[in-house]
Amino acid sequence: MIKNYIQAARLRTLPLSVSGIIVGSFLAASQNNFNWLICVFALLATIGFQIISNFANDYGDGVKGTDNENRVGPERAIQSGLLTEKQMLNAIKFSVCVTFIISIVLIYISFGKEDFFNLFIFFILGILSIVAAIKYTMGKNAYGYVGLGDVFVFLFFGLLSVCGSYFLYTKQLTFDVFFPAFSIGFLSSGVLNLNNMRDRESDLLSGKNTLVAKIGIKFAKYYHYYLLVASLLFALLYVAIHFNSYKNFLFIFAYIPLGKHFYNVYKNTEASLLDPELKKLALSTFLFSFLFGLGFIL
């Protein structure tokens, strides 16, 4: 039974989810503001949010019938019968409780009990993160069903993950930190866009109006190219501002697999063949985050 929950948690999505935390942590470390406890609990909280999202996605699409025989990607837990709807709902509740506790500990470690203002702000951000993770496909007003998934991924995986983690360490936020946050946000949105390109036909049949379903494959590909290129440009912009060594360009190596991915999407004519590209893009984003941060502390 445990392995069914592990499968539903979709562990392959976890490297992508922590990419923003890695960047924010490295940037703080480059300014001598690193704390291992903050790092560990920030990673755990982010993994918790991702697992909640994966469980909720499985539940929401399962209940709505979006996960059916027309779906191209791997079978979900409810769809395949590995878990019942009640079991998945209980898993969501348990994950929410654990992640909430981890988030409270993280906030307390960072701000203590004296800094009430930041305690309150990050408490609200934690609640919003949990709500966003759940509401992607669950409920009548699921934002993933009206084409807003890309916006929320950009905000939470990009801006909040990088800028929020950076603030937890440094207690300050400068405009330039948004540039690598944009890069992570664009790459993360690319993963969702790729997922939605793969599932476009089944989503249309199920009434799931993702951005790809709205604009079609041709423009979804253009959008995908822009996301990849923009991620590179904003990373370069941050380096231009903070350049101190050619090691700052270490992240360029991540664009070797990203360049190959770009070409594969360009040449693709069959939705099912996009599935392997999801893993490539997610792992390339993780590689980018590690190399980008490493380039500023070596």
# chains A, B, ... in the order shown; residues from 1 in each chain; ligands from 1
>>> residues_around(residues="A:Lys267", least_positions_apart="6", cutoff="12 Å", atoms="only C-alpha atoms", output="PyMOL selection string")
chain A and resi 218+221+260-261+273-274
>>> write_last_selection(atoms="C-alpha atoms", output="short mmCIF file (atom, residue, chain, number, x, y, z; two decimals), in the first residue's frame")
data_model
loop_
_atom_site.label_atom_id
_atom_site.label_comp_id
_atom_site.auth_asym_id
_atom_site.auth_seq_id
_atom_site.Cartn_x
_atom_site.Cartn_y
_atom_site.Cartn_z
CA LYS A 218 1.41 25.66 -32.83
CA LYS A 221 5.32 25.58 -29.12
CA LYS A 260 18.52 19.53 -27.32
CA HIS A 261 15.13 19.64 -25.64
CA LEU A 273 6.60 11.45 -27.66
CA LEU A 274 6.67 14.59 -25.51
#
>>> residues_around(residues="stretch 19-34 of chain A", least_positions_apart="2", cutoff="6 Å", atoms="only C-alpha atoms", output="PyMOL selection string")
chain A and resi 16-17+161-162+165-166+169-170+286+289+293+296-297
>>> select_by_dssp(residues="stretch 14-247 of chain A", states="helix (DSSP H, G or I)", output="PyMOL selection string")
chain A and resi 14-17+19-29+36-64+77-80+85-111+116-135+143-146+149-170+175-198+200-206+211-242+246-247
>>> residues_around(residues="A:Asp275", least_positions_apart="3", cutoff="12 Å", atoms="only C-alpha atoms", output="PyMOL selection string")
chain A and resi 71-74+191-199+261+264-265+268+270-272+278-282
>>> write_last_selection(atoms="N, CA and C atoms", output="PDB file, in the first residue's frame")
ATOM      1  N   ARG A  71      -5.968   9.559 -21.964  1.00  0.00           N
ATOM      2  CA  ARG A  71      -4.801  10.265 -21.449  1.00  0.00           C
ATOM      3  C   ARG A  71      -3.514   9.619 -21.954  1.00  0.00           C
ATOM      4  N   VAL A  72      -2.574  10.473 -22.387  1.00  0.00           N
ATOM      5  CA  VAL A  72      -1.333   9.980 -22.981  1.00  0.00           C
ATOM      6  C   VAL A  72      -0.296   9.602 -21.927  1.00  0.00           C
ATOM      7  N   GLY A  73      -0.205  10.372 -20.853  1.00  0.00           N
ATOM      8  CA  GLY A  73       0.850  10.184 -19.851  1.00  0.00           C
ATOM      9  C   GLY A  73       0.647   8.953 -18.988  1.00  0.00           C
ATOM     10  N   PRO A  74       1.536   8.768 -18.005  1.00  0.00           N
ATOM     11  CA  PRO A  74       1.440   7.614 -17.100  1.00  0.00           C
ATOM     12  C   PRO A  74       0.121   7.612 -16.330  1.00  0.00           C
ATOM     13  N   VAL A 191       7.679  23.220 -18.062  1.00  0.00           N
ATOM     14  CA  VAL A 191       7.337  21.832 -17.727  1.00  0.00           C
ATOM     15  C   VAL A 191       5.831  21.639 -17.777  1.00  0.00           C
ATOM     16  N   LEU A 192       5.089  22.576 -17.208  1.00  0.00           N
ATOM     17  CA  LEU A 192       3.629  22.478 -17.250  1.00  0.00           C
ATOM     18  C   LEU A 192       3.121  22.588 -18.682  1.00  0.00           C
ATOM     19  N   ASN A 193       3.688  23.504 -19.453  1.00  0.00           N
ATOM     20  CA  ASN A 193       3.269  23.665 -20.845  1.00  0.00           C
ATOM     21  C   ASN A 193       3.502  22.390 -21.639  1.00  0.00           C
ATOM     22  N   LEU A 194       4.641  21.757 -21.389  1.00  0.00           N
ATOM     23  CA  LEU A 194       4.960  20.502 -22.065  1.00  0.00           C
ATOM     24  C   LEU A 194       3.954  19.413 -21.679  1.00  0.00           C
ATOM     25  N   ASN A 195       3.642  19.351 -20.406  1.00  0.00           N
ATOM     26  CA  ASN A 195       2.646  18.405 -19.901  1.00  0.00           C
ATOM     27  C   ASN A 195       1.298  18.632 -20.587  1.00  0.00           C
ATOM     28  N   ASN A 196       0.922  19.893 -20.725  1.00  0.00           N
ATOM     29  CA  ASN A 196      -0.366  20.222 -21.325  1.00  0.00           C
ATOM     30  C   ASN A 196      -0.379  20.006 -22.837  1.00  0.00           C
ATOM     31  N   MET A 197       0.783  20.153 -23.485  1.00  0.00           N
ATOM     32  CA  MET A 197       0.860  19.818 -24.910  1.00  0.00           C
ATOM     33  C   MET A 197       0.658  18.319 -25.092  1.00  0.00           C
ATOM     34  N   ARG A 198       1.278  17.540 -24.230  1.00  0.00           N
ATOM     35  CA  ARG A 198       1.122  16.085 -24.294  1.00  0.00           C
ATOM     36  C   ARG A 198      -0.332  15.668 -24.103  1.00  0.00           C
ATOM     37  N   ASP A 199      -1.031  16.334 -23.171  1.00  0.00           N
ATOM     38  CA  ASP A 199      -2.388  15.927 -22.791  1.00  0.00           C
ATOM     39  C   ASP A 199      -3.487  16.718 -23.493  1.00  0.00           C
ATOM     40  N   HIS A 261      16.568  19.701 -25.926  1.00  0.00           N
ATOM     41  CA  HIS A 261      15.129  19.642 -25.644  1.00  0.00           C
ATOM     42  C   HIS A 261      14.367  20.596 -26.560  1.00  0.00           C
ATOM     43  N   ASN A 264      14.016  18.989 -29.890  1.00  0.00           N
ATOM     44  CA  ASN A 264      13.078  17.868 -29.874  1.00  0.00           C
ATOM     45  C   ASN A 264      11.626  18.346 -29.892  1.00  0.00           C
ATOM     46  N   VAL A 265      11.350  19.419 -29.161  1.00  0.00           N
ATOM     47  CA  VAL A 265       9.988  19.977 -29.158  1.00  0.00           C
ATOM     48  C   VAL A 265       9.668  20.568 -30.523  1.00  0.00           C
ATOM     49  N   ASN A 268       8.860  17.762 -32.907  1.00  0.00           N
ATOM     50  CA  ASN A 268       7.822  16.826 -32.484  1.00  0.00           C
ATOM     51  C   ASN A 268       6.526  16.978 -33.280  1.00  0.00           C
ATOM     52  N   GLU A 270       4.094  14.201 -32.587  1.00  0.00           N
ATOM     53  CA  GLU A 270       3.232  13.236 -31.901  1.00  0.00           C
ATOM     54  C   GLU A 270       3.258  13.504 -30.399  1.00  0.00           C
ATOM     55  N   ALA A 271       2.105  13.797 -29.823  1.00  0.00           N
ATOM     56  CA  ALA A 271       2.006  14.221 -28.422  1.00  0.00           C
ATOM     57  C   ALA A 271       2.631  13.218 -27.451  1.00  0.00           C
ATOM     58  N   SER A 272       2.446  11.922 -27.698  1.00  0.00           N
ATOM     59  CA  SER A 272       2.938  10.911 -26.764  1.00  0.00           C
ATOM     60  C   SER A 272       4.460  10.934 -26.635  1.00  0.00           C
ATOM     61  N   LEU A 278       9.491  15.692 -20.601  1.00  0.00           N
ATOM     62  CA  LEU A 278       9.133  16.259 -19.291  1.00  0.00           C
ATOM     63  C   LEU A 278      10.247  16.031 -18.276  1.00  0.00           C
ATOM     64  N   LYS A 279      10.721  14.801 -18.226  1.00  0.00           N
ATOM     65  CA  LYS A 279      11.796  14.463 -17.296  1.00  0.00           C
ATOM     66  C   LYS A 279      13.072  15.223 -17.648  1.00  0.00           C
ATOM     67  N   LYS A 280      13.365  15.330 -18.932  1.00  0.00           N
ATOM     68  CA  LYS A 280      14.572  16.034 -19.371  1.00  0.00           C
ATOM     69  C   LYS A 280      14.534  17.497 -18.970  1.00  0.00           C
ATOM     70  N   LEU A 281      13.380  18.142 -19.176  1.00  0.00           N
ATOM     71  CA  LEU A 281      13.270  19.556 -18.843  1.00  0.00           C
ATOM     72  C   LEU A 281      13.322  19.779 -17.338  1.00  0.00           C
ATOM     73  N   ALA A 282      12.653  18.915 -16.577  1.00  0.00           N
ATOM     74  CA  ALA A 282      12.656  19.041 -15.119  1.00  0.00           C
ATOM     75  C   ALA A 282      14.066  18.870 -14.555  1.00  0.00           C
TER      76      ALA A 282
END
>>> residues_around(residues="A:Ala77", least_positions_apart="6", cutoff="12 Å", atoms="only C-alpha atoms", output="ChimeraX atom specification")
/A:1,3-10,54-63,67-68,83-89,91
>>> residues_around(residues="A:Gln50", least_positions_apart="3", cutoff="12 Å", atoms="only C-alpha atoms", output="VMD selection string")
chain A and resid 8 to 19 43 to 47 53 to 57 92 95 to 96 99 129 to 134 136 153 156 to 157 161
>>> residues_around(residues="A:Phe288", least_positions_apart="4", cutoff="10 Å", atoms="only C-alpha atoms", output="count of residues only")
21
>>> residues_around(residues="stretch 145-150 of chain A", least_positions_apart="4", cutoff="10 Å", atoms="only C-alpha atoms", output="PyMOL selection string")
chain A and resi 61+132+135-138+140-141+154-155+185-186+188-193+196+203+206-215
>>> write_last_selection(atoms="N, CA and C atoms", output="PDB file, in the first residue's frame")
ATOM      1  N   ASP A  61      -8.350  15.361 -11.026  1.00  0.00           N
ATOM      2  CA  ASP A  61      -8.539  14.836 -12.379  1.00  0.00           C
ATOM      3  C   ASP A  61      -9.246  13.487 -12.358  1.00  0.00           C
ATOM      4  N   ALA A 132      -3.018  26.912  -3.165  1.00  0.00           N
ATOM      5  CA  ALA A 132      -2.677  26.858  -4.586  1.00  0.00           C
ATOM      6  C   ALA A 132      -2.368  25.423  -5.014  1.00  0.00           C
ATOM      7  N   LYS A 135      -5.876  23.665  -5.190  1.00  0.00           N
ATOM      8  CA  LYS A 135      -6.894  24.186  -6.113  1.00  0.00           C
ATOM      9  C   LYS A 135      -6.517  24.094  -7.581  1.00  0.00           C
ATOM     10  N   TYR A 136      -5.379  23.503  -7.900  1.00  0.00           N
ATOM     11  CA  TYR A 136      -5.001  23.391  -9.308  1.00  0.00           C
ATOM     12  C   TYR A 136      -6.044  22.589 -10.089  1.00  0.00           C
ATOM     13  N   THR A 137      -6.462  21.455  -9.541  1.00  0.00           N
ATOM     14  CA  THR A 137      -7.486  20.656 -10.227  1.00  0.00           C
ATOM     15  C   THR A 137      -8.679  20.308  -9.342  1.00  0.00           C
ATOM     16  N   MET A 138      -8.594  20.591  -8.037  1.00  0.00           N
ATOM     17  CA  MET A 138      -9.691  20.217  -7.136  1.00  0.00           C
ATOM     18  C   MET A 138     -10.726  21.326  -7.014  1.00  0.00           C
ATOM     19  N   LYS A 140     -14.761  23.175  -7.801  1.00  0.00           N
ATOM     20  CA  LYS A 140     -15.485  23.699  -8.960  1.00  0.00           C
ATOM     21  C   LYS A 140     -14.713  24.792  -9.684  1.00  0.00           C
ATOM     22  N   ASN A 141     -13.908  25.544  -8.946  1.00  0.00           N
ATOM     23  CA  ASN A 141     -13.181  26.666  -9.548  1.00  0.00           C
ATOM     24  C   ASN A 141     -11.689  26.379  -9.665  1.00  0.00           C
ATOM     25  N   PHE A 154       4.469  29.934 -12.293  1.00  0.00           N
ATOM     26  CA  PHE A 154       5.472  30.994 -12.356  1.00  0.00           C
ATOM     27  C   PHE A 154       5.589  31.719 -11.015  1.00  0.00           C
ATOM     28  N   LEU A 155       4.453  32.018 -10.406  1.00  0.00           N
ATOM     29  CA  LEU A 155       4.459  32.757  -9.145  1.00  0.00           C
ATOM     30  C   LEU A 155       5.026  31.942  -7.994  1.00  0.00           C
ATOM     31  N   GLY A 185      11.045  30.355 -12.824  1.00  0.00           N
ATOM     32  CA  GLY A 185       9.615  30.410 -13.109  1.00  0.00           C
ATOM     33  C   GLY A 185       9.299  30.058 -14.552  1.00  0.00           C
ATOM     34  N   PHE A 186      10.102  30.569 -15.481  1.00  0.00           N
ATOM     35  CA  PHE A 186       9.885  30.276 -16.898  1.00  0.00           C
ATOM     36  C   PHE A 186      10.128  28.798 -17.204  1.00  0.00           C
ATOM     37  N   SER A 188       9.953  26.287 -15.094  1.00  0.00           N
ATOM     38  CA  SER A 188       8.905  25.504 -14.438  1.00  0.00           C
ATOM     39  C   SER A 188       7.599  25.585 -15.223  1.00  0.00           C
ATOM     40  N   SER A 189       7.285  26.768 -15.735  1.00  0.00           N
ATOM     41  CA  SER A 189       6.093  26.922 -16.579  1.00  0.00           C
ATOM     42  C   SER A 189       6.245  26.103 -17.855  1.00  0.00           C
ATOM     43  N   GLY A 190       7.493  25.991 -18.327  1.00  0.00           N
ATOM     44  CA  GLY A 190       7.755  25.167 -19.503  1.00  0.00           C
ATOM     45  C   GLY A 190       7.406  23.711 -19.263  1.00  0.00           C
ATOM     46  N   VAL A 191       7.679  23.220 -18.062  1.00  0.00           N
ATOM     47  CA  VAL A 191       7.337  21.832 -17.727  1.00  0.00           C
ATOM     48  C   VAL A 191       5.831  21.639 -17.777  1.00  0.00           C
ATOM     49  N   LEU A 192       5.089  22.576 -17.208  1.00  0.00           N
ATOM     50  CA  LEU A 192       3.629  22.478 -17.250  1.00  0.00           C
ATOM     51  C   LEU A 192       3.121  22.588 -18.682  1.00  0.00           C
ATOM     52  N   ASN A 193       3.688  23.504 -19.453  1.00  0.00           N
ATOM     53  CA  ASN A 193       3.269  23.665 -20.845  1.00  0.00           C
ATOM     54  C   ASN A 193       3.502  22.390 -21.639  1.00  0.00           C
ATOM     55  N   ASN A 196       0.922  19.893 -20.725  1.00  0.00           N
ATOM     56  CA  ASN A 196      -0.366  20.222 -21.325  1.00  0.00           C
ATOM     57  C   ASN A 196      -0.379  20.006 -22.837  1.00  0.00           C
ATOM     58  N   ASP A 203      -7.451  16.465 -22.671  1.00  0.00           N
ATOM     59  CA  ASP A 203      -7.957  17.599 -21.893  1.00  0.00           C
ATOM     60  C   ASP A 203      -9.156  18.248 -22.583  1.00  0.00           C
ATOM     61  N   SER A 206     -12.211  16.306 -22.071  1.00  0.00           N
ATOM     62  CA  SER A 206     -12.674  16.323 -20.674  1.00  0.00           C
ATOM     63  C   SER A 206     -13.094  17.712 -20.209  1.00  0.00           C
ATOM     64  N   GLY A 207     -12.954  18.713 -21.064  1.00  0.00           N
ATOM     65  CA  GLY A 207     -13.328  20.068 -20.687  1.00  0.00           C
ATOM     66  C   GLY A 207     -12.304  20.779 -19.830  1.00  0.00           C
ATOM     67  N   LYS A 208     -11.054  20.316 -19.867  1.00  0.00           N
ATOM     68  CA  LYS A 208      -9.981  20.959 -19.120  1.00  0.00           C
ATOM     69  C   LYS A 208      -9.302  21.985 -20.037  1.00  0.00           C
ATOM     70  N   ASN A 209      -9.644  23.250 -19.844  1.00  0.00           N
ATOM     71  CA  ASN A 209      -9.172  24.308 -20.743  1.00  0.00           C
ATOM     72  C   ASN A 209      -7.839  24.889 -20.283  1.00  0.00           C
ATOM     73  N   THR A 210      -6.781  24.113 -20.461  1.00  0.00           N
ATOM     74  CA  THR A 210      -5.452  24.616 -20.169  1.00  0.00           C
ATOM     75  C   THR A 210      -5.088  25.689 -21.198  1.00  0.00           C
ATOM     76  N   LEU A 211      -3.989  26.365 -20.956  1.00  0.00           N
ATOM     77  CA  LEU A 211      -3.539  27.381 -21.909  1.00  0.00           C
ATOM     78  C   LEU A 211      -3.298  26.757 -23.280  1.00  0.00           C
ATOM     79  N   VAL A 212      -2.726  25.563 -23.309  1.00  0.00           N
ATOM     80  CA  VAL A 212      -2.475  24.871 -24.571  1.00  0.00           C
ATOM     81  C   VAL A 212      -3.774  24.551 -25.284  1.00  0.00           C
ATOM     82  N   ALA A 213      -4.784  24.131 -24.523  1.00  0.00           N
ATOM     83  CA  ALA A 213      -6.091  23.840 -25.112  1.00  0.00           C
ATOM     84  C   ALA A 213      -6.700  25.097 -25.730  1.00  0.00           C
ATOM     85  N   LYS A 214      -6.401  26.243 -25.147  1.00  0.00           N
ATOM     86  CA  LYS A 214      -6.947  27.512 -25.649  1.00  0.00           C
ATOM     87  C   LYS A 214      -6.230  28.005 -26.908  1.00  0.00           C
ATOM     88  N   ILE A 215      -4.890  27.877 -26.919  1.00  0.00           N
ATOM     89  CA  ILE A 215      -4.130  28.500 -28.014  1.00  0.00           C
ATOM     90  C   ILE A 215      -3.688  27.513 -29.086  1.00  0.00           C
TER      91      ILE A 215
END
>>> closest_residue(among="A:Leu173, A:Ile52, A:Gly139, A:Phe117", to="A:Asn90", atoms="only C-alpha atoms")
A:Ile52
>>> atom_distance(atom1="atom CA of A:Ser110", atom2="atom CA of A:Leu291")
25.5 Å
>>> atom_distance(atom1="atom CA of A:Ser80", atom2="atom CA of A:Gly144")
21.7 Å
